[in-house]
file model.cif (mmCIF, C-alpha atoms and all ligand atoms)
data_final
#
loop_
_atom_site.label_atom_id
_atom_site.label_comp_id
_atom_site.auth_asym_id
_atom_site.auth_seq_id
_atom_site.Cartn_x
_atom_site.Cartn_y
_atom_site.Cartn_z
CA MET P 647 0.00 0.00 0.00
CA ALA P 648 1.44 3.30 -1.12
CA THR P 649 2.85 5.35 1.80
CA LEU P 650 1.77 2.65 4.26
CA SER P 651 3.22 -0.84 3.79
CA HIS P 652 6.87 0.23 3.98
CA ARG P 653 9.43 -1.65 6.02
CA ALA P 654 8.68 0.17 9.27
CA LEU P 655 5.03 -0.87 9.37
CA ARG P 656 5.90 -4.37 8.18
CA GLU P 657 8.44 -4.78 10.98
CA LEU P 658 5.89 -3.57 13.50
CA ILE P 659 3.35 -6.10 12.21
CA LEU P 660 5.95 -8.87 12.27
CA SER P 661 6.78 -8.06 15.88
CA PHE P 662 3.23 -9.08 16.80
CA GLY P 663 3.23 -12.08 14.43
CA GLY P 664 0.46 -14.04 12.74
CA VAL P 665 1.16 -12.79 9.21
CA SER P 666 2.37 -15.02 6.39
CA ARG P 667 3.13 -12.70 3.44
CA LEU P 668 3.77 -9.01 3.30
CA TYR P 669 3.74 -6.47 0.49
CA ALA P 670 6.15 -3.61 0.01
CA GLU P 671 4.83 -0.23 -1.16
CA MET P 672 4.13 -0.30 -4.89
CA ALA P 673 7.19 0.44 -7.01
CA SER P 674 7.01 2.37 -10.27
CA CYS P 675 8.56 0.40 -13.14
CA SER P 676 9.82 3.50 -14.89
CA ALA P 677 11.52 4.79 -11.73
CA LEU P 678 13.01 1.33 -11.08
CA ALA P 679 14.35 1.09 -14.60
CA GLY P 680 15.56 4.69 -14.58
CA GLY P 681 17.38 4.32 -11.26
CA GLY P 682 15.07 6.60 -9.25
CA ARG P 683 16.56 8.07 -6.10
CA PHE P 684 14.29 6.27 -3.66
CA GLU P 685 13.88 2.93 -5.42
CA ASN P 686 15.96 1.05 -2.86
CA TYR P 687 13.29 1.88 -0.31
CA TYR P 688 10.40 0.79 -2.51
CA VAL P 689 12.02 -2.59 -3.10
CA ASP P 690 13.33 -3.03 0.44
CA THR P 691 12.03 -6.50 1.30
CA GLN P 692 13.74 -6.78 4.67
CA PRO P 693 13.47 -8.15 7.29
CA VAL P 694 11.83 -11.25 5.73
CA PRO P 695 12.67 -11.06 2.00
CA GLU P 696 11.44 -14.55 1.22
CA ARG P 697 7.96 -13.59 2.48
CA THR P 698 7.82 -10.08 1.06
CA ILE P 699 6.32 -9.27 -2.31
CA VAL P 700 7.24 -6.33 -4.50
CA GLN P 701 4.32 -4.76 -6.34
CA LEU P 702 5.02 -3.20 -9.72
CA VAL P 703 2.97 -0.43 -11.26
CA ALA P 704 3.28 0.53 -14.93
CA GLY P 705 1.25 2.07 -17.72
CA SER P 706 2.43 -0.03 -20.66
CA VAL P 707 3.64 -3.52 -21.45
CA ASP P 708 7.15 -2.24 -22.21
CA GLU P 709 7.27 -0.33 -18.96
CA PHE P 710 6.32 -3.48 -17.03
CA ALA P 711 9.04 -5.37 -18.92
CA ARG P 712 11.65 -2.72 -18.07
CA GLY P 713 10.65 -2.79 -14.40
CA ALA P 714 10.82 -6.59 -14.31
CA ALA P 715 14.23 -6.51 -16.00
CA ALA P 716 15.46 -4.01 -13.39
CA LEU P 717 14.30 -6.37 -10.64
CA ALA P 718 15.96 -9.32 -12.39
CA ALA P 719 19.25 -7.39 -12.55
CA ARG P 720 19.09 -6.56 -8.85
CA MET P 721 18.37 -10.19 -8.03
CA ALA P 722 21.17 -11.45 -10.24
CA SER P 723 23.67 -9.14 -8.50
CA GLY P 724 22.53 -10.44 -5.11
CA ALA P 725 21.28 -6.97 -4.09
CA LEU P 726 17.66 -8.11 -3.83
CA ARG P 727 15.82 -11.14 -2.53
CA LEU P 728 12.07 -11.26 -2.60
CA GLY P 729 9.11 -13.60 -2.14
CA GLY P 730 7.39 -12.68 -5.38
CA VAL P 731 6.23 -9.96 -7.71
CA ASP P 732 2.71 -8.59 -7.95
CA LEU P 733 1.30 -6.60 -10.86
CA ASN P 734 -0.87 -3.67 -9.88
CA PHE P 735 -4.07 -3.89 -11.94
CA GLY P 736 -6.23 -2.38 -9.22
CA CYS P 737 -5.06 1.08 -8.18
CA SER P 738 -7.75 3.64 -8.89
CA ALA P 739 -5.83 6.79 -7.95
CA PRO P 740 -6.41 9.36 -10.73
CA GLU P 741 -2.70 10.03 -11.34
CA ILE P 742 -2.04 6.30 -11.87
CA LEU P 743 -5.11 5.83 -14.11
CA ARG P 744 -4.04 8.82 -16.24
CA GLN P 745 -0.78 7.02 -17.02
CA GLY P 746 -2.64 3.86 -18.02
CA GLY P 747 -1.63 2.04 -14.82
CA GLY P 748 -3.47 0.24 -12.02
CA ALA P 749 -7.13 -0.37 -12.78
CA ALA P 750 -6.72 1.12 -16.29
CA TRP P 751 -5.42 -2.35 -17.24
CA LEU P 752 -8.90 -3.75 -16.63
CA LYS P 753 -9.95 -1.92 -19.81
CA LYS P 754 -7.17 -3.40 -21.94
CA THR P 755 -7.43 -7.14 -21.48
CA ASP P 756 -5.12 -8.24 -24.30
CA GLU P 757 -2.36 -5.91 -23.23
CA ALA P 758 -2.72 -6.96 -19.60
CA ILE P 759 -2.28 -10.60 -20.59
CA LEU P 760 0.72 -9.65 -22.68
CA ALA P 761 2.21 -7.69 -19.78
CA ALA P 762 1.77 -10.69 -17.46
CA ALA P 763 3.37 -13.01 -20.03
CA ARG P 764 6.33 -10.64 -20.58
CA VAL P 765 7.02 -10.32 -16.86
CA ARG P 766 6.60 -14.08 -16.50
CA ASN P 767 9.35 -14.61 -19.11
CA ILE P 768 11.69 -12.09 -17.53
CA LEU P 769 11.27 -13.50 -14.03
CA PRO P 770 10.91 -17.25 -14.48
CA GLY P 771 10.60 -19.28 -11.31
CA LEU P 772 9.52 -16.32 -9.18
CA ALA P 773 5.99 -16.27 -7.71
CA LEU P 774 4.05 -13.89 -9.95
CA THR P 775 0.60 -12.58 -9.02
CA ALA P 776 -1.70 -9.68 -9.83
CA LYS P 777 -4.02 -7.61 -7.71
CA LEU P 778 -7.12 -6.16 -9.24
CA ARG P 779 -10.45 -4.53 -8.68
CA ALA P 780 -13.61 -6.05 -10.10
CA GLY P 781 -13.60 -4.39 -13.54
CA TRP P 782 -15.21 -1.16 -14.71
CA GLY P 783 -18.66 -2.41 -15.56
CA GLY P 784 -19.13 -4.94 -12.76
CA ASP P 785 -19.80 -7.79 -15.19
CA PRO P 786 -18.74 -11.07 -13.53
CA ALA P 787 -18.25 -12.80 -16.92
CA ALA P 788 -15.88 -10.06 -18.10
CA LEU P 789 -13.94 -10.27 -14.83
CA LEU P 790 -13.65 -14.03 -15.10
CA SER P 791 -12.49 -13.85 -18.68
CA PHE P 792 -9.85 -11.23 -17.74
CA CYS P 793 -8.60 -13.47 -14.92
CA ARG P 794 -8.58 -16.58 -17.10
CA GLY P 795 -6.35 -14.67 -19.50
CA LEU P 796 -3.95 -13.84 -16.68
CA GLU P 797 -3.95 -17.45 -15.58
CA SER P 798 -3.09 -18.57 -19.10
CA ALA P 799 -0.22 -16.04 -19.15
CA GLY P 800 1.37 -17.96 -16.29
CA LEU P 801 0.34 -16.11 -13.13
CA ASP P 802 0.67 -18.12 -9.93
CA GLY P 803 -2.26 -16.49 -8.22
CA LEU P 804 -4.29 -13.34 -8.00
CA CYS P 805 -5.92 -11.14 -5.43
CA LEU P 806 -9.30 -9.54 -5.93
CA HIS P 807 -10.48 -6.44 -4.10
CA PRO P 808 -14.06 -6.79 -5.31
CA ARG P 809 -15.09 -3.21 -5.81
CA LEU P 810 -15.22 -1.23 -9.02
CA PRO P 811 -12.47 1.35 -9.51
CA SER P 812 -15.12 4.08 -9.34
CA GLU P 813 -16.32 2.94 -5.92
CA GLY P 814 -13.36 3.95 -3.77
CA TYR P 815 -13.92 2.28 -0.42
CA GLY P 816 -17.54 3.29 0.02
CA ARG P 817 -19.71 0.52 -1.29
CA PRO P 818 -19.50 -2.92 0.38
CA PRO P 819 -17.11 -5.23 -1.47
CA ARG P 820 -18.77 -7.92 -3.63
CA TRP P 821 -17.29 -10.99 -2.00
CA ASP P 822 -19.39 -13.27 -4.20
CA LEU P 823 -16.95 -12.34 -6.99
CA VAL P 824 -14.05 -13.68 -4.93
CA GLY P 825 -16.06 -16.92 -4.60
CA LEU P 826 -16.62 -16.99 -8.35
CA LEU P 827 -12.90 -16.69 -9.11
CA ALA P 828 -12.00 -19.21 -6.39
CA ARG P 829 -14.37 -21.74 -7.96
CA GLU P 830 -13.52 -21.12 -11.58
CA LEU P 831 -9.77 -20.52 -11.67
CA GLY P 832 -7.07 -23.12 -11.30
CA ILE P 833 -4.72 -20.76 -9.43
CA PRO P 834 -5.07 -19.68 -5.78
CA VAL P 835 -7.29 -16.65 -5.27
CA THR P 836 -6.82 -14.16 -2.45
CA GLY P 837 -9.77 -12.11 -1.23
CA ASN P 838 -9.41 -8.58 0.09
CA GLY P 839 -11.69 -5.85 1.35
CA ASP P 840 -13.01 -4.69 4.73
CA ILE P 841 -11.63 -7.54 6.83
CA ARG P 842 -11.47 -6.05 10.32
CA SER P 843 -11.76 -9.03 12.66
CA GLU P 844 -11.28 -12.77 12.91
CA ARG P 845 -15.04 -13.10 12.41
CA ASP P 846 -14.77 -11.28 9.07
CA ALA P 847 -11.80 -13.44 8.11
CA ASP P 848 -13.49 -16.73 8.95
CA ARG P 849 -16.73 -15.67 7.32
CA ARG P 850 -15.12 -14.55 4.07
CA ALA P 851 -12.85 -17.60 3.82
CA GLY P 852 -15.83 -19.89 4.54
CA GLU P 853 -18.22 -18.18 2.13
CA THR P 854 -15.85 -18.01 -0.79
CA GLY P 855 -13.43 -20.92 -0.39
CA CYS P 856 -10.63 -18.53 -1.36
CA ALA P 857 -7.09 -19.69 -0.66
CA ARG P 858 -5.89 -16.60 1.21
CA LEU P 859 -7.05 -13.35 2.70
CA MET P 860 -5.35 -9.98 2.47
CA ILE P 861 -5.77 -7.26 5.07
CA GLY P 862 -4.99 -3.66 4.19
CA LYS P 863 -6.09 -0.70 6.28
CA GLU P 864 -6.78 -2.70 9.42
CA ALA P 865 -3.09 -3.64 9.48
CA ALA P 866 -2.31 0.04 10.08
CA ARG P 867 -5.16 0.53 12.56
CA ARG P 868 -4.22 -2.58 14.50
CA PRO P 869 -0.84 -4.00 13.44
CA TRP P 870 -1.59 -6.90 15.83
CA ILE P 871 -4.70 -7.94 13.81
CA PHE P 872 -2.92 -10.92 12.24
CA ALA P 873 -1.68 -12.12 15.64
CA LEU P 874 -5.17 -11.67 17.07
CA ILE P 875 -6.77 -13.68 14.26
CA GLU P 876 -4.22 -16.45 14.72
CA ALA P 877 -4.68 -16.50 18.50
CA ARG P 878 -8.48 -16.57 18.23
CA ARG P 879 -8.37 -19.42 15.75
CA ARG P 880 -6.47 -21.45 18.33
CA ASP P 881 -8.60 -20.28 21.23
CA PRO P 882 -11.79 -18.26 20.63
CA SER P 883 -11.50 -16.72 24.09
CA ALA P 884 -7.94 -15.47 23.50
CA SER P 885 -7.34 -11.85 24.41
CA MET P 886 -4.50 -9.40 23.89
CA GLU P 887 -3.40 -6.32 25.71
CA ILE P 888 -1.73 -3.67 23.59
CA ASP P 889 0.18 -0.63 24.82
CA LEU P 890 -0.84 1.96 22.23
CA LEU P 891 1.83 4.48 23.21
CA GLU P 892 4.62 1.95 23.14
CA THR P 893 3.39 0.71 19.74
CA ALA P 894 3.32 4.24 18.35
CA GLU P 895 6.81 4.92 19.70
CA ARG P 896 8.14 1.76 18.11
CA PHE P 897 6.57 2.72 14.78
CA VAL P 898 8.27 6.12 14.84
CA CYS P 899 11.65 4.59 15.72
CA LEU P 900 11.29 2.06 12.88
CA LEU P 901 10.24 4.79 10.47
CA GLU P 902 13.29 6.88 11.30
CA ALA P 903 15.54 3.83 11.10
CA HIS P 904 14.36 2.45 7.78
CA GLN P 905 12.94 5.25 5.66
CA PRO P 906 14.61 8.31 4.14
CA ARG P 907 13.97 11.57 5.94
CA GLU P 908 12.02 12.83 2.90
CA PHE P 909 9.37 10.16 3.60
CA TRP P 910 8.97 10.69 7.32
CA LYS P 911 6.21 13.29 7.29
CA SER P 912 3.94 11.57 4.75
CA ARG P 913 4.41 8.12 6.26
CA ALA P 914 3.82 9.33 9.82
CA ARG P 915 0.68 11.20 8.82
CA ARG P 916 -0.65 8.19 6.91
CA PHE P 917 0.03 5.68 9.67
CA PHE P 918 -1.48 7.81 12.43
CA PHE P 919 -4.50 8.57 10.26
CA TYR P 920 -5.49 4.93 10.78
CA PHE P 921 -3.83 4.27 14.14
CA CYS P 922 -5.81 7.08 15.77
CA ASP P 923 -8.94 4.94 15.30
CA ASN P 924 -7.83 3.17 18.49
CA LEU P 925 -8.68 6.35 20.43
CA HIS P 926 -12.21 7.14 21.56
CA PHE P 927 -12.06 10.75 20.45
CA ALA P 928 -9.83 10.25 17.42
CA HIS P 929 -10.94 13.33 15.54
CA HIS P 930 -8.77 15.94 17.28
CA PRO P 931 -5.45 14.05 17.42
CA ARG P 932 -5.95 12.82 13.87
CA ALA P 933 -6.58 16.32 12.55
CA ALA P 934 -3.59 17.71 14.47
CA ILE P 935 -1.34 14.92 13.19
CA GLN P 936 -2.41 15.60 9.61
CA ARG P 937 -0.93 19.08 10.10
CA SER P 938 2.22 17.84 11.85
CA GLU P 939 5.62 18.29 10.25
CA GLY P 940 7.18 14.96 11.18
CA PRO P 941 6.98 11.73 13.16
CA ARG P 942 8.17 13.20 16.48
CA GLU P 943 5.56 15.92 16.33
CA ALA P 944 2.90 13.34 15.42
CA LEU P 945 4.01 11.15 18.31
CA ALA P 946 3.87 14.12 20.70
CA VAL P 947 0.23 14.73 19.72
CA PHE P 948 -0.58 11.06 20.24
CA ARG P 949 1.21 11.03 23.61
CA ALA P 950 -0.54 14.21 24.76
CA TYR P 951 -3.90 12.61 24.02
CA LEU P 952 -3.01 9.55 26.11
CA ASP P 953 -1.63 11.73 28.90
CA ALA P 954 -5.03 13.39 29.03
CA ASN P 955 -6.86 10.05 28.70
CA PRO P 956 -4.60 7.56 30.52
CA ASP P 957 -7.27 4.85 30.69
CA GLU P 958 -7.08 4.53 26.87
CA ARG P 959 -3.40 3.70 26.73
CA MET P 960 -3.81 -0.04 27.15
CA ARG P 961 -6.12 -1.47 24.51
CA ILE P 962 -7.72 -4.73 25.55
CA GLU P 963 -8.70 -7.01 22.70
CA GLY P 964 -11.19 -9.12 24.61
CA PRO P 965 -13.02 -12.16 23.27
C1 LIG P 1001 -3.26 4.34 1.61
C2 LIG P 1001 -3.59 3.18 0.70
C3 LIG P 1001 -2.69 2.83 -0.29
C4 LIG P 1001 -2.95 1.74 -1.11
N1 LIG P 1001 -2.04 1.40 -2.05
C5 LIG P 1001 -2.23 0.30 -2.79
C6 LIG P 1001 -1.25 -0.12 -3.73
O1 LIG P 1001 -0.20 0.53 -3.88
N2 LIG P 1001 -1.48 -1.25 -4.43
C7 LIG P 1001 -2.63 -1.98 -4.26
O2 LIG P 1001 -2.77 -3.03 -4.90
N3 LIG P 1001 -3.59 -1.60 -3.42
C8 LIG P 1001 -3.41 -0.48 -2.68
N4 LIG P 1001 -4.38 -0.10 -1.79
C9 LIG P 1001 -5.62 -0.88 -1.68
C10 LIG P 1001 -5.48 -1.95 -0.59
O3 LIG P 1001 -4.45 -2.85 -0.93
C11 LIG P 1001 -6.78 -2.74 -0.41
O4 LIG P 1001 -7.11 -3.35 -1.63
C12 LIG P 1001 -7.95 -1.89 0.05
O5 LIG P 1001 -7.55 -0.98 1.06
C13 LIG P 1001 -9.09 -2.75 0.58
O6 LIG P 1001 -8.65 -3.61 1.59
P1 LIG P 1001 -8.84 -3.26 3.17
O7 LIG P 1001 -10.30 -3.01 3.40
O8 LIG P 1001 -8.34 -4.47 3.89
O9 LIG P 1001 -8.03 -2.02 3.43
C14 LIG P 1001 -4.15 1.00 -0.97
C15 LIG P 1001 -5.06 1.37 0.02
C16 LIG P 1001 -4.80 2.45 0.84
C17 LIG P 1001 -5.80 2.84 1.90
#
call {"tool": "encode", "arguments": {"input": "model.cif", "output": "structure tokens", "more": "lines below"}}
Ligand SMILES: Cc1cc2nc3c(=O)[nH]c(=O)nc-3n(C[C@H](O)[C@H](O)[C@H](O)COP(=O)(O)O)c2cc1C
result
Amino acid sequence: MATLSHRALRELILSFGGVSRLYAEMASCSALAGGGRFENYYVDTQPVPERTIVQLVAGSVDEFARGAAALAARMASGALRLGGVDLNFGCSAPEILRQGGGAAWLKKTDEAILAAARVRNILPGLALTAKLRAGWGGDPAALLSFCRGLESAGLDGLCLHPRLPSEGYGRPPRWDLVGLLARELGIPVTGNGDIRSERDADRRAGETGCARLMIGKEAARRPWIFALIEARRRDPSASMEIDLLETAERFVCLLEAHQPREFWKSRARRFFFYFCDNLHFAHHPRAAIQRSEGPREALAVFRAYLDANPDERMRIEGP
């Protein structure tokens, strides 16, 4: 997730446990191929490279090929290890769509299949997946045909966030489409969208028969969500006690340790935007943090809130 799933958040999530695969922030193929200044950070797969997937975003088949070749060169030199590559066919941000990237690929089926096949050839033997939204018109047959094409191009799996690109995050995701792909495709299908609890996870996995689940925003709200789901699956009465201040402090330390200074402000604002949901009166600290100039200032706002509301510092995740 852009500005969110960088190494600092991933390390925080890993410290709680329960997660199997992680995704780095999406990396632009043209910047990768052109040697962009910050590309090392976008393809930083530490601390668990074999479980961390790099997501590529590009607007054309050639651009995808150049990005894949840049990754291949980094891997060949030993500078990069990774758990797989994911093609971004789902981003609906206007600036990405304008360049023909993300969900724009859902309108150009043949080219998308070609892009997948080209990347497949350049990176043989590496797990290759795609993440997509449900298509522009919401037609299940068109979605299935698009995904069958990707399967035939040699993808090892795909992840569906079953909303249309025009829907943002407003409308409920159409999980029946995840079930459709899980039934009809021969490759593992991951479902994603609005999973906020172990109940959501169990329900969606049960309803759809999908192979895996992906959690996005909730991983920033509650980086312990994966650990909680795992614990509750073992013991439905499992509980956790989380020190919110200590968690926020660790995030800021990790951010400063692993991200370039130029990223600190945007990444701190983005993380706390979601993390503030753990506070009863989130509105004021969240708004103040969105105006803050850096992680230490953001942390000071968060700490001041908890100083004024000490009973909120320990979050109890009860059964
Ligand atoms: C800040 C932000 C950045 C995102 N960036 C990406 C991205 O780079 N690539 C991608 O495939 N999806 C991206 N997404 C979408 C999420 O991966 C996910 O599909 C969506 O948030 C729904 O899942 P959730 O309800 O679990 O968050 C992003 C979402 C957010 C909120």
call {"tool": "atom_distance", "arguments": {"input": "model.cif", "atom1": "atom N4 of ligand LIG 1001 (chain P)", "atom2": "CA of Tyr687 (chain P)"}}
result
17.8 Å
call {"tool": "axis_aligned_box", "arguments": {"input": "model.cif", "around": "region 701-715 of chain P", "padding_each_side": "6 Å", "output": "lines of an AutoDock Vina configuration file"}}
result
center_x = 7.7
center_y = -2.3
center_z = -14.3
size_x = 25.0
size_y = 20.7
size_z = 27.9
call {"tool": "residues_near_ligand", "arguments": {"input": "model.cif", "ligand": "ligand LIG 1001 (chain P)", "cutoff": "10 Å", "atoms": "only C-alpha atoms and all ligand atoms", "output": "PyMOL selection string"}}
result
chain P and resi 647-651+669-674+701-703+732-739+748-749+776-779+805-809+814-815+818-819+837-842+859-867+913+916-917+919-920
call {"tool": "atom_distance", "arguments": {"input": "model.cif", "atom1": "CA of Leu655 (chain P)", "atom2": "CA of Phe684 (chain P)"}}
result
17.5 Å
call {"tool": "atom_distance", "arguments": {"input": "model.cif", "atom1": "CA of Val765 (chain P)", "atom2": "CA of Thr691 (chain P)"}}
result
19.2 Å
call {"tool": "closest_residue", "arguments": {"input": "model.cif", "among": "P:Arg959, P:Arg850, P:Arg794, P:Arg915", "to": "Gly940 (chain P)", "atoms": "only C-alpha atoms"}}
result
P:Arg915
